[in-house]
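Colleague: Quick one, structure-v5.txt (compact mmCIF, C-alpha atoms and all ligand atoms):
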```txt
# COMPACT_ATOMS: atom_id res chain seq x y z
CA MET A 1 7.90 -57.74 -16.94
CA LYS A 2 10.35 -59.77 -14.90
CA VAL A 3 13.15 -61.40 -16.92
CA LEU A 4 15.15 -64.40 -15.69
CA ILE A 5 18.59 -65.02 -17.21
CA LEU A 6 20.23 -68.39 -16.66
CA GLY A 7 24.04 -68.33 -16.55
CA SER A 8 26.95 -66.69 -14.80
CA GLY A 9 29.41 -65.20 -17.29
CA GLY A 10 30.20 -62.09 -19.28
CA ARG A 11 27.57 -63.07 -21.83
CA GLU A 12 24.90 -63.09 -19.15
CA HIS A 13 26.15 -59.77 -17.74
CA ALA A 14 25.80 -58.22 -21.22
CA LEU A 15 22.35 -59.79 -21.62
CA ALA A 16 21.26 -58.43 -18.24
CA TRP A 17 22.60 -54.98 -19.14
CA ALA A 18 20.76 -54.97 -22.49
CA VAL A 19 17.52 -56.41 -21.08
CA LYS A 20 17.48 -53.82 -18.32
CA ARG A 21 17.44 -51.03 -20.89
CA SER A 22 14.11 -52.25 -22.27
CA GLU A 23 11.15 -50.10 -21.23
CA ARG A 24 9.09 -53.25 -20.73
CA VAL A 25 11.37 -54.72 -18.08
CA THR A 26 10.76 -54.03 -14.42
CA GLU A 27 13.15 -56.56 -12.89
CA VAL A 28 16.11 -58.66 -14.01
CA VAL A 29 17.01 -61.83 -12.11
CA CYS A 30 20.17 -63.74 -13.01
CA ALA A 31 20.85 -67.27 -11.82
CA PRO A 32 23.40 -67.90 -10.55
CA GLY A 33 25.01 -64.69 -11.85
CA ASN A 34 28.27 -63.32 -10.43
CA GLY A 35 29.60 -60.37 -8.43
CA GLY A 36 29.50 -57.93 -11.33
CA ILE A 37 26.10 -59.06 -12.58
CA GLY A 38 24.83 -58.31 -9.08
CA GLN A 39 25.20 -54.61 -9.94
CA VAL A 40 22.50 -54.81 -12.65
CA ALA A 41 20.38 -57.81 -11.61
CA ARG A 42 19.26 -59.70 -8.54
CA CYS A 43 21.39 -62.85 -8.44
CA VAL A 44 19.91 -66.05 -7.05
CA PRO A 45 21.56 -69.45 -6.72
CA VAL A 46 20.73 -72.30 -9.09
CA ASP A 47 22.36 -75.50 -10.27
CA LEU A 48 22.58 -75.21 -14.06
CA LYS A 49 23.23 -78.97 -14.25
CA SER A 50 19.87 -79.77 -12.66
CA LEU A 51 16.59 -79.42 -14.57
CA ASP A 52 14.67 -79.85 -11.31
CA ASP A 53 16.50 -76.99 -9.67
CA MET A 54 15.99 -74.64 -12.63
CA ILE A 55 12.27 -75.55 -12.75
CA ARG A 56 12.00 -74.90 -9.00
CA LEU A 57 13.55 -71.48 -9.52
CA ALA A 58 11.24 -70.56 -12.41
CA GLU A 59 8.20 -71.64 -10.40
CA ALA A 60 9.34 -69.49 -7.47
CA GLU A 61 10.25 -66.41 -9.54
CA LYS A 62 7.48 -66.63 -12.18
CA PRO A 63 9.40 -64.67 -14.85
CA GLY A 64 7.55 -63.27 -17.87
CA LEU A 65 10.55 -64.22 -20.00
CA THR A 66 13.46 -66.59 -19.41
CA ILE A 67 16.69 -66.35 -21.44
CA VAL A 68 19.04 -69.33 -21.38
CA GLY A 69 22.73 -68.34 -21.67
CA PRO A 70 24.91 -71.47 -21.69
CA GLU A 71 24.74 -74.69 -23.70
CA LEU A 72 24.48 -77.18 -20.86
CA PRO A 73 20.92 -76.35 -19.73
CA LEU A 74 19.84 -76.23 -23.39
CA SER A 75 21.27 -79.69 -24.01
CA LEU A 76 19.46 -80.98 -20.90
CA GLY A 77 16.15 -79.70 -22.29
CA ILE A 78 15.45 -76.72 -20.02
CA VAL A 79 13.49 -74.98 -22.79
CA ASP A 80 11.18 -78.00 -23.27
CA ALA A 81 10.76 -78.37 -19.51
CA LEU A 82 9.84 -74.72 -18.92
CA GLN A 83 7.60 -74.49 -22.01
CA GLU A 84 5.65 -77.54 -20.82
CA ARG A 85 4.98 -75.64 -17.61
CA GLY A 86 3.69 -72.59 -19.47
CA PHE A 87 6.76 -70.34 -19.25
CA ARG A 88 7.95 -68.15 -22.11
CA VAL A 89 11.55 -69.13 -22.81
CA PHE A 90 14.07 -67.88 -25.34
CA GLY A 91 16.27 -70.72 -26.58
CA PRO A 92 16.10 -73.90 -28.66
CA THR A 93 14.52 -77.15 -27.52
CA LYS A 94 16.74 -80.09 -26.64
CA ALA A 95 16.23 -81.56 -30.13
CA ALA A 96 17.13 -78.28 -31.86
CA ALA A 97 20.12 -77.70 -29.55
CA MET A 98 21.60 -80.92 -31.00
CA LEU A 99 23.17 -78.63 -33.61
CA GLU A 100 25.60 -77.77 -30.83
CA SER A 101 25.44 -80.73 -28.47
CA SER A 102 26.39 -83.30 -31.13
CA LYS A 103 29.00 -82.35 -33.72
CA GLY A 104 28.17 -85.56 -35.59
CA PHE A 105 24.49 -84.56 -35.79
CA ALA A 106 25.52 -81.11 -37.05
CA LYS A 107 27.83 -82.51 -39.75
CA ARG A 108 25.24 -84.99 -41.02
CA PHE A 109 22.60 -82.25 -40.99
CA LEU A 110 24.88 -79.93 -43.01
CA GLN A 111 25.51 -82.68 -45.54
CA ARG A 112 21.80 -83.61 -45.84
CA HIS A 113 20.97 -79.99 -46.63
CA ASN A 114 23.95 -79.25 -48.90
CA ILE A 115 25.27 -76.51 -46.62
CA PRO A 116 28.99 -75.86 -47.14
CA THR A 117 31.25 -77.51 -44.57
CA GLY A 118 34.57 -79.37 -44.55
CA ASN A 119 34.89 -83.10 -45.23
CA TYR A 120 34.49 -85.34 -42.23
CA ALA A 121 34.15 -88.88 -40.95
CA ILE A 122 32.24 -89.97 -37.84
CA CYS A 123 33.79 -92.91 -36.00
CA THR A 124 32.62 -94.97 -33.05
CA SER A 125 35.85 -96.88 -32.38
CA ALA A 126 39.61 -96.51 -32.75
CA ALA A 127 39.51 -99.20 -35.45
CA GLU A 128 37.10 -97.07 -37.49
CA VAL A 129 39.40 -94.07 -37.05
CA GLU A 130 42.36 -96.05 -38.41
CA LYS A 131 40.31 -96.90 -41.50
CA ALA A 132 38.87 -93.42 -42.03
CA ILE A 133 42.15 -91.63 -41.52
CA ASP A 134 43.44 -92.62 -44.97
CA LEU A 135 40.84 -90.33 -46.53
CA PHE A 136 42.46 -87.25 -44.91
CA ARG A 137 45.69 -85.35 -45.38
CA ALA A 138 47.62 -83.76 -42.49
CA PRO A 139 46.96 -81.49 -40.75
CA MET A 140 43.57 -82.84 -39.75
CA VAL A 141 41.19 -82.13 -36.91
CA VAL A 142 39.98 -84.67 -34.35
CA LYS A 143 36.91 -83.74 -32.30
CA ALA A 144 34.80 -85.19 -29.55
CA ASP A 145 31.15 -85.42 -30.58
CA GLY A 146 29.64 -83.91 -27.42
CA LEU A 147 29.94 -80.68 -25.44
CA ALA A 148 33.50 -80.13 -24.26
CA ALA A 149 33.73 -76.41 -23.43
CA GLY A 150 36.20 -75.84 -26.27
CA LYS A 151 38.57 -78.58 -25.11
CA GLY A 152 37.35 -81.29 -27.49
CA VAL A 153 39.13 -80.09 -30.64
CA LEU A 154 42.62 -81.34 -31.51
CA ILE A 155 44.57 -80.20 -34.54
CA CYS A 156 46.89 -83.04 -35.53
CA GLN A 157 49.97 -82.80 -37.74
CA SER A 158 50.09 -86.46 -38.78
CA ARG A 159 47.84 -89.48 -39.14
CA SER A 160 49.48 -91.24 -36.20
CA GLU A 161 48.95 -88.16 -34.00
CA ALA A 162 45.29 -88.13 -35.05
CA VAL A 163 44.83 -91.81 -34.21
CA GLU A 164 46.42 -91.23 -30.79
CA ALA A 165 44.16 -88.20 -30.19
CA ALA A 166 41.06 -90.21 -31.12
CA LYS A 167 42.13 -93.01 -28.77
CA GLY A 168 42.54 -90.45 -26.00
CA LEU A 169 39.00 -89.17 -26.60
CA PHE A 170 37.48 -92.67 -26.68
CA SER A 171 39.28 -93.74 -23.50
CA GLY A 172 38.37 -90.59 -21.58
CA ASN A 173 42.04 -89.78 -20.97
CA LEU A 174 41.80 -86.45 -22.79
CA LEU A 175 38.50 -85.02 -21.56
CA GLY A 176 37.80 -86.95 -18.39
CA GLU A 177 34.66 -88.35 -19.97
CA ALA A 178 34.90 -91.06 -22.66
CA SER A 179 33.57 -90.00 -26.10
CA GLN A 180 31.11 -92.35 -27.79
CA GLN A 181 31.72 -90.75 -31.18
CA VAL A 182 34.77 -88.99 -32.57
CA LEU A 183 34.91 -86.88 -35.72
CA ILE A 184 37.82 -86.56 -38.11
CA GLU A 185 37.69 -83.36 -40.13
CA GLU A 186 39.49 -81.72 -42.96
CA PHE A 187 41.57 -78.80 -41.62
CA LEU A 188 40.11 -75.55 -42.96
CA GLU A 189 42.20 -72.44 -43.41
CA GLY A 190 41.14 -68.82 -43.46
CA ASP A 191 39.67 -66.11 -41.26
CA GLU A 192 37.13 -67.20 -38.68
CA ILE A 193 33.90 -65.25 -38.29
CA SER A 194 31.16 -65.65 -35.71
CA PHE A 195 27.92 -65.14 -37.61
CA LEU A 196 25.08 -65.06 -35.10
CA CYS A 197 21.42 -64.91 -36.09
CA LEU A 198 18.18 -64.75 -34.21
CA ALA A 199 15.79 -67.46 -35.40
CA ASP A 200 12.08 -67.91 -34.74
CA GLY A 201 11.77 -71.39 -36.24
CA LYS A 202 11.13 -70.04 -39.75
CA HIS A 203 12.94 -66.75 -40.21
CA VAL A 204 16.42 -65.49 -39.42
CA ALA A 205 17.72 -62.04 -38.52
CA PRO A 206 21.50 -61.66 -38.50
CA LEU A 207 23.20 -59.94 -35.58
CA ALA A 208 26.27 -57.74 -36.14
CA PRO A 209 29.19 -59.98 -37.19
CA ALA A 210 32.08 -60.57 -34.80
CA GLN A 211 35.52 -62.10 -34.71
CA ASP A 212 36.72 -63.98 -31.65
CA HIS A 213 40.34 -64.54 -30.57
CA LYS A 214 40.43 -68.04 -29.12
CA ARG A 215 44.11 -68.49 -28.32
CA ILE A 216 45.64 -67.28 -25.08
CA GLY A 217 48.74 -65.74 -26.64
CA GLU A 218 49.27 -62.67 -28.80
CA GLY A 219 49.60 -63.44 -32.50
CA ASP A 220 47.10 -66.30 -32.00
CA THR A 221 49.56 -68.60 -30.27
CA GLY A 222 49.28 -71.00 -27.34
CA LEU A 223 46.34 -72.87 -25.92
CA ASN A 224 42.69 -72.48 -26.87
CA THR A 225 40.52 -70.55 -24.42
CA GLY A 226 36.86 -69.66 -24.11
CA GLY A 227 37.72 -66.48 -26.07
CA MET A 228 40.15 -63.68 -25.16
CA GLY A 229 38.56 -60.85 -27.09
CA VAL A 230 36.23 -59.93 -29.89
CA TYR A 231 35.59 -57.09 -32.25
CA SER A 232 32.65 -56.21 -34.44
CA THR A 233 32.51 -53.88 -37.43
CA ASP A 234 30.26 -53.67 -40.45
CA GLU A 235 33.26 -53.88 -42.78
CA MET A 236 34.10 -57.39 -41.58
CA LEU A 237 31.58 -58.74 -44.07
CA ASP A 238 30.66 -56.91 -47.23
CA PRO A 239 26.93 -56.84 -48.02
CA ALA A 240 27.20 -59.36 -50.86
CA MET A 241 29.04 -61.88 -48.67
CA LYS A 242 26.58 -61.37 -45.83
CA GLU A 243 23.72 -62.02 -48.24
CA TRP A 244 25.47 -65.16 -49.54
CA ILE A 245 25.93 -66.52 -46.02
CA LEU A 246 22.30 -65.83 -45.20
CA ARG A 247 21.01 -67.44 -48.38
CA HIS A 248 23.30 -70.48 -48.49
CA ILE A 249 23.96 -71.18 -44.82
CA ALA A 250 21.72 -69.46 -42.25
CA VAL A 251 18.35 -69.74 -44.01
CA PRO A 252 18.88 -73.36 -45.21
CA THR A 253 19.85 -74.32 -41.64
CA VAL A 254 16.65 -72.90 -40.16
CA TYR A 255 14.52 -74.31 -43.02
CA GLY A 256 16.25 -77.66 -42.67
CA MET A 257 15.56 -77.84 -38.94
CA ALA A 258 11.91 -76.92 -39.52
CA SER A 259 11.57 -79.55 -42.26
CA GLU A 260 12.84 -82.18 -39.83
CA ASP A 261 10.25 -81.17 -37.22
CA THR A 262 12.85 -79.72 -34.87
CA PRO A 263 12.35 -76.00 -35.54
CA PHE A 264 15.15 -73.84 -34.22
CA CYS A 265 14.10 -70.88 -32.09
CA GLY A 266 16.88 -68.97 -30.36
CA VAL A 267 20.32 -67.75 -31.33
CA LEU A 268 21.91 -69.74 -34.11
CA TYR A 269 25.63 -69.10 -33.78
CA ILE A 270 27.35 -70.12 -37.01
CA GLY A 271 31.10 -70.50 -36.67
CA LEU A 272 32.46 -69.88 -40.17
CA MET A 273 35.85 -70.32 -41.77
CA MET A 274 36.25 -67.96 -44.71
CA THR A 275 38.26 -70.32 -46.92
CA ALA A 276 39.56 -69.99 -50.47
CA ARG A 277 36.55 -72.03 -51.61
CA GLY A 278 34.11 -69.78 -49.77
CA PRO A 279 32.58 -69.73 -46.29
CA GLN A 280 32.42 -73.16 -44.64
CA VAL A 281 30.61 -74.03 -41.42
CA LEU A 282 33.07 -75.03 -38.68
CA GLU A 283 30.47 -75.51 -36.00
CA PHE A 284 27.13 -74.38 -34.69
CA ASN A 285 26.35 -73.12 -31.24
CA ALA A 286 22.74 -72.97 -30.11
CA ARG A 287 23.21 -69.86 -27.94
CA PHE A 288 24.79 -66.44 -27.72
CA GLY A 289 28.61 -66.53 -27.95
CA ASP A 290 30.87 -65.41 -25.15
CA PRO A 291 32.58 -62.87 -25.57
CA GLU A 292 30.84 -62.13 -28.92
CA THR A 293 27.65 -61.08 -27.10
CA GLN A 294 29.44 -58.40 -25.10
CA ALA A 295 30.65 -56.67 -28.29
CA ILE A 296 27.47 -57.33 -30.30
CA LEU A 297 24.96 -56.07 -27.72
CA LEU A 298 26.91 -52.86 -27.23
CA ARG A 299 26.10 -52.08 -30.87
CA LEU A 300 22.40 -53.00 -30.67
CA GLU A 301 20.22 -49.88 -30.65
CA SER A 302 16.81 -51.54 -30.82
CA ASP A 303 15.11 -53.32 -27.93
CA LEU A 304 16.59 -56.77 -27.25
CA VAL A 305 13.57 -58.01 -25.30
CA GLU A 306 11.28 -57.05 -28.16
CA ALA A 307 13.42 -59.08 -30.58
CA LEU A 308 13.63 -62.15 -28.32
CA GLU A 309 9.86 -62.07 -27.80
CA ALA A 310 9.37 -61.85 -31.57
CA CYS A 311 11.38 -65.08 -31.87
CA ILE A 312 9.23 -66.86 -29.29
CA ASP A 313 6.05 -65.67 -31.08
CA GLY A 314 7.28 -66.54 -34.58
CA ARG A 315 7.10 -62.95 -35.82
CA LEU A 316 10.78 -62.19 -36.32
CA SER A 317 10.12 -61.20 -39.95
CA GLU A 318 8.14 -58.17 -38.69
CA THR A 319 10.93 -57.06 -36.37
CA GLU A 320 13.75 -54.75 -37.26
CA LEU A 321 17.09 -54.86 -35.50
CA ARG A 322 18.90 -51.53 -35.52
CA TRP A 323 22.66 -51.33 -35.06
CA SER A 324 24.90 -48.41 -34.29
CA PRO A 325 27.39 -47.82 -37.09
CA GLY A 326 31.08 -47.92 -36.28
CA ALA A 327 32.64 -50.65 -34.20
CA SER A 328 32.88 -52.33 -30.85
CA ALA A 329 35.54 -54.41 -29.17
CA CYS A 330 35.79 -56.54 -26.03
CA VAL A 331 39.12 -57.37 -24.43
CA VAL A 332 39.08 -60.13 -21.83
CA ALA A 333 41.18 -59.79 -18.68
CA SER A 334 41.98 -63.24 -17.33
CA SER A 335 43.60 -64.72 -14.24
CA GLY A 336 47.31 -65.53 -14.57
CA GLY A 337 47.68 -69.20 -15.57
CA TYR A 338 44.37 -69.44 -17.45
CA PRO A 339 43.46 -71.59 -19.44
CA GLY A 340 45.53 -73.81 -17.15
CA SER A 341 45.23 -73.65 -13.38
CA TYR A 342 44.95 -70.25 -11.71
CA LYS A 343 44.18 -68.72 -8.33
CA SER A 344 41.06 -66.72 -7.46
CA GLY A 345 39.94 -64.35 -4.72
CA PHE A 346 42.15 -61.36 -5.61
CA PRO A 347 40.62 -57.87 -5.20
CA ILE A 348 39.80 -56.09 -8.48
CA THR A 349 40.73 -52.39 -8.45
CA GLY A 350 40.11 -49.43 -10.74
CA LEU A 351 36.70 -50.49 -12.04
CA GLU A 352 35.08 -47.11 -11.40
CA ALA A 353 37.77 -45.12 -13.17
CA ALA A 354 37.68 -47.60 -16.05
CA ALA A 355 33.92 -47.29 -16.41
CA ARG A 356 34.29 -43.51 -16.82
CA VAL A 357 36.15 -43.92 -20.13
CA PRO A 358 33.66 -42.85 -22.83
CA GLY A 359 31.86 -45.68 -24.62
CA VAL A 360 33.06 -48.34 -22.15
CA GLU A 361 31.01 -51.03 -20.42
CA ILE A 362 32.67 -53.63 -18.22
CA PHE A 363 31.06 -57.05 -18.20
CA HIS A 364 32.13 -59.53 -15.53
CA SER A 365 32.88 -63.13 -16.54
CA GLY A 366 34.21 -64.36 -13.23
CA SER A 367 33.94 -62.09 -10.22
CA ALA A 368 32.45 -62.46 -6.77
CA LEU A 369 31.49 -60.13 -3.98
CA LYS A 370 33.51 -60.81 -0.82
CA ASP A 371 32.97 -58.56 2.21
CA GLY A 372 31.56 -55.87 -0.07
CA GLU A 373 34.56 -56.01 -2.41
CA LEU A 374 34.74 -57.43 -5.94
CA VAL A 375 37.30 -60.23 -6.22
CA THR A 376 38.36 -62.53 -9.05
CA ALA A 377 36.43 -65.79 -9.29
CA GLY A 378 37.25 -67.45 -12.59
CA GLY A 379 39.69 -67.91 -15.46
CA ARG A 380 38.17 -65.16 -17.52
CA VAL A 381 37.44 -62.31 -15.11
CA LEU A 382 36.32 -59.23 -17.07
CA GLY A 383 35.30 -58.34 -20.60
CA VAL A 384 36.21 -54.69 -21.05
CA THR A 385 34.00 -53.62 -23.93
CA ALA A 386 33.82 -50.35 -25.83
CA THR A 387 32.15 -48.78 -28.84
CA GLY A 388 33.71 -46.23 -31.16
CA THR A 389 33.18 -44.58 -34.49
CA SER A 390 36.02 -46.78 -35.77
CA LEU A 391 37.62 -50.01 -34.60
CA GLU A 392 40.73 -48.03 -33.64
CA GLU A 393 38.67 -45.83 -31.35
CA ALA A 394 36.78 -48.75 -29.79
CA LEU A 395 40.04 -50.59 -29.10
CA ALA A 396 41.80 -47.48 -27.75
CA ARG A 397 38.93 -46.95 -25.30
CA ALA A 398 38.92 -50.58 -24.16
CA TYR A 399 42.69 -50.53 -23.59
CA GLN A 400 42.51 -47.15 -21.85
CA ALA A 401 39.93 -48.63 -19.46
CA LEU A 402 42.06 -51.74 -18.94
CA ALA A 403 45.00 -49.57 -17.95
CA GLU A 404 42.91 -48.40 -14.95
CA ILE A 405 42.10 -51.94 -13.80
CA GLY A 406 44.26 -54.22 -11.75
CA PHE A 407 44.23 -57.56 -9.96
CA GLU A 408 47.01 -59.94 -9.06
CA GLY A 409 48.13 -61.93 -12.10
CA MET A 410 45.89 -59.99 -14.52
CA TYR A 411 46.58 -60.89 -18.16
CA TYR A 412 45.08 -59.66 -21.41
CA ARG A 413 46.02 -59.80 -25.07
CA ARG A 414 47.22 -56.48 -26.44
CA ASP A 415 46.51 -57.41 -30.04
CA ILE A 416 42.72 -57.78 -30.16
CA GLY A 417 41.46 -56.63 -33.55
CA HIS A 418 44.94 -56.32 -35.02
CA ARG A 419 44.23 -58.67 -37.90
CA ALA A 420 41.35 -56.43 -38.96
CA LEU A 421 43.48 -53.30 -38.58
CA ARG A 422 46.18 -54.75 -40.83
CA ARG A 423 43.56 -55.43 -43.50
CA THR A 424 42.13 -51.92 -43.39
CA PRO A 425 43.55 -49.88 -46.30
P1 LIG B 501 34.76 -75.88 -32.47
O1 LIG B 501 34.55 -76.19 -31.02
O2 LIG B 501 34.29 -76.93 -33.41
O3 LIG B 501 34.35 -74.48 -32.83
O4 LIG B 501 36.30 -75.74 -32.65
C1 LIG B 501 37.04 -74.81 -31.90
C2 LIG B 501 38.03 -74.11 -32.77
O5 LIG B 501 38.90 -75.06 -33.40
C3 LIG B 501 37.39 -73.36 -33.94
O6 LIG B 501 36.95 -72.10 -33.55
C4 LIG B 501 38.54 -73.32 -34.92
O7 LIG B 501 39.45 -72.30 -34.58
C5 LIG B 501 39.22 -74.65 -34.71
N1 LIG B 501 38.69 -75.63 -35.67
C6 LIG B 501 37.64 -76.47 -35.47
N2 LIG B 501 37.41 -77.23 -36.56
C7 LIG B 501 38.34 -76.89 -37.47
C8 LIG B 501 38.63 -77.32 -38.81
N3 LIG B 501 37.93 -78.27 -39.41
N4 LIG B 501 39.65 -76.70 -39.44
C9 LIG B 501 40.38 -75.74 -38.83
N5 LIG B 501 40.16 -75.31 -37.58
C10 LIG B 501 39.16 -75.87 -36.90
N1 LIG B 502 33.27 -67.47 -28.26
C1 LIG B 502 33.00 -68.80 -28.60
C2 LIG B 502 31.81 -69.39 -27.98
O1 LIG B 502 30.99 -68.73 -27.39
O2 LIG B 502 31.66 -70.59 -28.10
```
As structure tokens, what does this structure read like?
Ligand code: AMP
Ligand code: GLY
Modeller:
Amino acid sequence: MKVLILGSGGREHALAWAVKRSERVTEVVCAPGNGGIGQVARCVPVDLKSLDDMIRLAEAEKPGLTIVGPELPLSLGIVDALQERGFRVFGPTKAAAMLESSKGFAKRFLQRHNIPTGNYAICTSAAEVEKAIDLFRAPMVVKADGLAAGKGVLICQSRSEAVEAAKGLFSGNLLGEASQQVLIEEFLEGDEISFLCLADGKHVAPLAPAQDHKRIGEGDTGLNTGGMGVYSTDEMLDPAMKEWILRHIAVPTVYGMASEDTPFCGVLYIGLMMTARGPQVLEFNARFGDPETQAILLRLESDLVEALEACIDGRLSETELRWSPGASACVVASSGGYPGSYKSGFPITGLEAAARVPGVEIFHSGSALKDGELVTAGGRVLGVTATGTSLEEALARAYQALAEIGFEGMYYRRDIGHRALRRTP
């Protein structure tokens, strides 16, 4: 079977790597892909902002399975468009992807189905914000309703700061595009966990849990990024807590979507804050996380393609996901300056020596092939990922591999997983 993966980041590289291991797969095509992905898949150009272009590509390639990586094509309705044309696609429909593409939709949905989440108000004008703000205490969170690639969330220390932030979102000064709706949210405190599940419209199957590190600086300081590193261990969630999250959050979400005639088939990424009053939903994503996927798929022992096909066919309950025990970790190497402005085009060295470190896989987020040489081509460049019998071992291997790699301005956090290590007795 030929598999088409839409997307161009580390997540898609990890998906291509995992898909390629399936006995049923004869060819992996990634569109548009990147320099590193080109080592495991045939990369072909596509415009992920254009439904027509993605349809043209599918009709030319005729894949037996298409996997949609990023949120934008999902929110445009690529799954609906390809399904209408008879293609098998893994991912939610446009209506189901609203769990990610509208934070207001997600909050109202959570409330309708009594799924734990923080208090919120949805406002359509600055005047409404000024009225709603009295219901909140500082700090509070102001969010754009729509997709904003992680840039639409502002943590505000006072009511006046929150009102200013909301005005900036409505006017378009903050994101470039004016928000139609802005959310005010209670600020939740605790540990964040990325709880990803496969869903087939009726059933859910949890993936290994993961914890992302969103800030650029060590000690979780500085600006938000797409994610600077992730780790995954079984100990992150004890079995009783995992069961509670499944029963009170994941299953009600999938049942709720089905009961509203927008069944959710794909990856349901539940962003959780583990607060003093229990797990609360921070957000949903309707796709695999990046860099969570890099760490999670390295621990998956069973066949990914088999599991994704079970979702499409509605037989996830008959499918068993098998995970390797122990741990995995992914450390992101980024271009100097990221998440602000940065330069690209620098040669990446040491990749072969790094890949020889036991248990290591290197997934490329932003690289390109220039005159036969891999060069940097993005803010996040590499996700150096490793497994180990313990988190310490996985991290030591990832950092040992990173020590082999170099490019001008290379930056990475040296404290990935440290919060978990401090907690370990
Ligand atoms: P989101 O795009 O909604 O996931 O928000 C991005 C990040 O902002 C989250 O991963 C959290 O770290 C933080 N965040 C979002 N909402 C809240 C909240 N209500 N309380 C505290 N932190 C939040
Ligand atoms: N790592 C966060 C995300 O994929 O949105």
Colleague: Dump as a PyMOL selection string all residues having an atom at most 10 Å from (3.5, -69.2, -24.5), computed in the file's coordinates with only C-alpha atoms.
Modeller: chain A and resi 64-65+83-89+312-313
Colleague: When you count all atoms listed in the file, which of these residues is closest to Lys94 of chain A: A:Gly229, A:Gly168, A:Gly266, A:Gly176?
Modeller: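 That would be A:Gly266, the residue with the smallest distance to Lys94 of chain A.
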Colleague: To one decimal place in Å, what is the distance between atom N4 of ligand LIG 501 (chain B) and atom CA of Phe288 of chain A?
Modeller: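 That distance, rounded to one decimal, is 21.5 Å.
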Colleague: Could you state the separation of atom CA of Pro347 of chain A and atom CA of Lys214 of chain A in Å, given to one decimal place?
Modeller: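 The value is 26.0 Å.
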Colleague: If you count all atoms listed in the file, which residues fall within 8 Å of His113 of chain A, apart from same-chain ones fewer than 6 positions away, as a VMD selection string?
Modeller: chain A and resid 252 to 253 256
Colleague: Restricting the calculation to all atoms listed in the file: of A:Ala178, A:Ala126, A:Ala210, A:Leu188, which residue gets closest to ligand LIG 502 (chain B)?
Modeller: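 Of A:Ala178, A:Ala126, A:Ala210, A:Leu188, the one nearest ligand LIG 502 (chain B), counting all atoms listed in the file, is A:Ala210.
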Colleague: What lies within 9 Å of segment 355-359 of chain A using all atoms listed in the file, ignoring chain neighbours under 5 positions off, as a PyMOL selection string?
Modeller: chain A and resi 350+385-388+394+397-398+400-401
Colleague: Report as AutoDock Vina command-line options the centre and the edge lengths, in Å to one decimal, of the axis-aligned box holding every listed atom of ligand LIG 501 (chain B), padded by 5 Å on each side.
Modeller:
```
--center_x 37.3 --center_y -75.2 --center_z -35.2 --size_x 16.1 --size_y 16.2 --size_z 18.4
```
Colleague: Report as a tab-separated table the residues of chain A within 6 Å of ligand LIG 501 (chain B), each with its shortest atom pair and distance in Å (one decimal), using all atoms listed in the file, ordered by chain and increasing residue number.
Modeller:
```
residue	atom	partner	partner_atom	distance
A:Val141	CA	B:LIG501	N3	5.6
A:Gly150	CA	B:LIG501	O1	5.0
A:Val153	CA	B:LIG501	O4	5.6
A:Glu185	CA	B:LIG501	N3	5.1
A:Glu186	CA	B:LIG501	N3	5.2
A:Phe187	CA	B:LIG501	N4	3.6
A:Leu188	CA	B:LIG501	N4	3.7
A:Glu189	CA	B:LIG501	C9	5.9
A:Leu282	CA	B:LIG501	N2	5.3
A:Glu283	CA	B:LIG501	O2	4.8
```
Colleague: Sort by chain and increasing residue number a table of all residues of chain A within 7 Å of ligand LIG 502 (chain B), each with its closest pair of atoms and their distance in Å to one decimal, counting only C-alpha atoms and all ligand atoms, and write it as CSV.
Modeller:
```
residue,atom,partner,partner_atom,distance
A:Asp212,CA,B:LIG502,N1,6.0
A:Gly226,CA,B:LIG502,N1,5.9
A:Gly227,CA,B:LIG502,N1,5.1
A:Asn285,CA,B:LIG502,O2,6.7
A:Phe288,CA,B:LIG502,O1,6.6
A:Gly289,CA,B:LIG502,O1,3.3
A:Asp290,CA,B:LIG502,O1,4.0
A:Pro291,CA,B:LIG502,N1,5.4
A:Glu292,CA,B:LIG502,N1,5.9
```
Colleague: Find the distance between atom CA of Ala144 of chain A and atom CA of Ala121 of chain A and write it in Å to one decimal.
Modeller: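 The value is 12.0 Å.
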Colleague: From the list A:Cys311, A:Ile155, A:Ile115, A:Ala16, which residue is nearest Leu246 of chain A when using all atoms listed in the file?
Modeller: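 Ranked by minimum distance to Leu246 of chain A, first place goes to A:Ile115.
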Colleague: May I ask which of the residues A:Ile67, A:Val305, A:Ile249, A:Ala353 is the closest one to Pro116 of chain A, counting only C-alpha atoms?
Modeller: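 Selected residue with least distance to Pro116 of chain A: A:Ile249.
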Colleague: Just give me the residues with any atom within 9 Å of (19.9, -57.9, -29.9), file coordinates, counting only C-alpha atoms, written as a list in words.
Modeller: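 Taken together, the residues in range are Leu15, Ala18, Leu198, Leu207, Ala208, Thr293, Ile296, Leu297, Arg299, Leu300, Glu301, Ser302, Asp303, Leu304, Val305, Glu306, Ala307, Leu308, Leu321, Arg322 and Trp323 of chain A.
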Colleague: Check the smallest atom-to-atom distance from each of A:Gln280, A:Ser160, A:Thr233, A:Thr389 to Lys107 of chain A using all atoms listed in the file, then report the winner.
Modeller: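 Closest residue, counting all atoms listed in the file: A:Gln280.
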